[in-house]
Amino acid sequence: MRALHPHHVLHRPLGPQAHADDPERGQCPVPALSHHGRQRPMLLQTATLLGVLVLGFGYFWLLVPSPEARLQQLGLFCSTFTISMYLSPLADLAKVIQTKSTQRLSFSLTIATLLTSASWTLYGFQLRDPYIMVPNLPGILTSFIRLWLFWKYSQGQDRNYPLLQT
């Protein structure tokens, strides 16, 4: 019962060094870090988009002197990013239609997107602010498209596994 002794548990090393004294196990790499090669394109995309965002905000604060013009251009800039966010799932929608499976879509995220987009659109409509209203319209449209795909390719067709019997 040596493993349960508090002294042994408190002083046991963690991480790759944990089994260094065991010749059968040796030092083992952390599994989460061994797949870093596959994440490189996504990391590069994220860094590029973050760079565009930082350059855009730098442009507005340093090169646009008028606060009114800055606000107008910043609204257009943010609207563009919001529209691109709502249109980004279109690549997945093509794959869903091709495979006739909605496994790659999240139903709860679709509902949340629909409710959020509709709320912001109504709020923008009340304020008569096109920078709030217009960018959220694609969110409503793509949500309805995804809901239609959930209806057309119901989850019952997606089951690749037998139901568990209790």
# chains A, B, ... in the order shown; residues from 1 in each chain; ligands from 1
call {"tool": "residues_around", "arguments": {"residues": "segment 139-144 of chain A", "least_positions_apart": "2", "cutoff": "7 Å", "atoms": "only C-alpha atoms", "output": "PyMOL selection string"}}
result
chain A and resi 86+110+113-114+117-118+136-137+146-148
call {"tool": "select_by_dssp", "arguments": {"residues": "segment 77-163 of chain A", "states": "alpha helix (DSSP H)", "output": "PyMOL selection string"}}
result
chain A and resi 77-87+90-99+107-127+130-152
call {"tool": "atom_distance", "arguments": {"atom1": "atom CA of Gln45 of chain A", "atom2": "atom CA of Gly75 of chain A"}}
result
23.4 Å
call {"tool": "atom_distance", "arguments": {"atom1": "atom CA of Thr80 of chain A", "atom2": "atom CA of Thr116 of chain A"}}
result
17.3 Å
call {"tool": "residues_around", "arguments": {"residues": "segment 57-65 of chain A", "least_positions_apart": "4", "cutoff": "12 Å", "atoms": "only C-alpha atoms", "output": "list in words"}}
result
Leu50, Gly51, Val52, Leu53, Ala69, Arg70, Leu71, Gln72, Gln73, Leu74, Gly75, Leu76, Phe77 and Cys78 of chain A
call {"tool": "residues_around", "arguments": {"residues": "Tyr123 of chain A", "least_positions_apart": "4", "cutoff": "8 Å", "atoms": "only C-alpha atoms", "output": "list in words"}}
result
Ser119, Leu127, Ile132 and Met133 of chain A
call {"tool": "write_last_selection", "arguments": {"atoms": "N, CA and C atoms", "output": "compact mmCIF listing (two decimals), in the first residue's frame"}}
result
# COMPACT_ATOMS: atom_id res chain seq x y z
N SER A 119 -31.99 38.95 -32.30
CA SER A 119 -32.03 39.99 -31.25
C SER A 119 -31.26 41.24 -31.67
N LEU A 127 -32.96 51.09 -33.32
CA LEU A 127 -32.07 52.25 -33.30
C LEU A 127 -31.88 52.88 -34.67
N ILE A 132 -25.50 47.73 -37.01
CA ILE A 132 -25.93 46.65 -36.11
C ILE A 132 -26.87 45.71 -36.84
N MET A 133 -27.79 46.29 -37.60
CA MET A 133 -28.85 45.50 -38.24
C MET A 133 -28.32 44.63 -39.39
call {"tool": "atom_distance", "arguments": {"atom1": "atom CA of Thr46 of chain A", "atom2": "atom CA of Ile111 of chain A"}}
result
25.3 Å
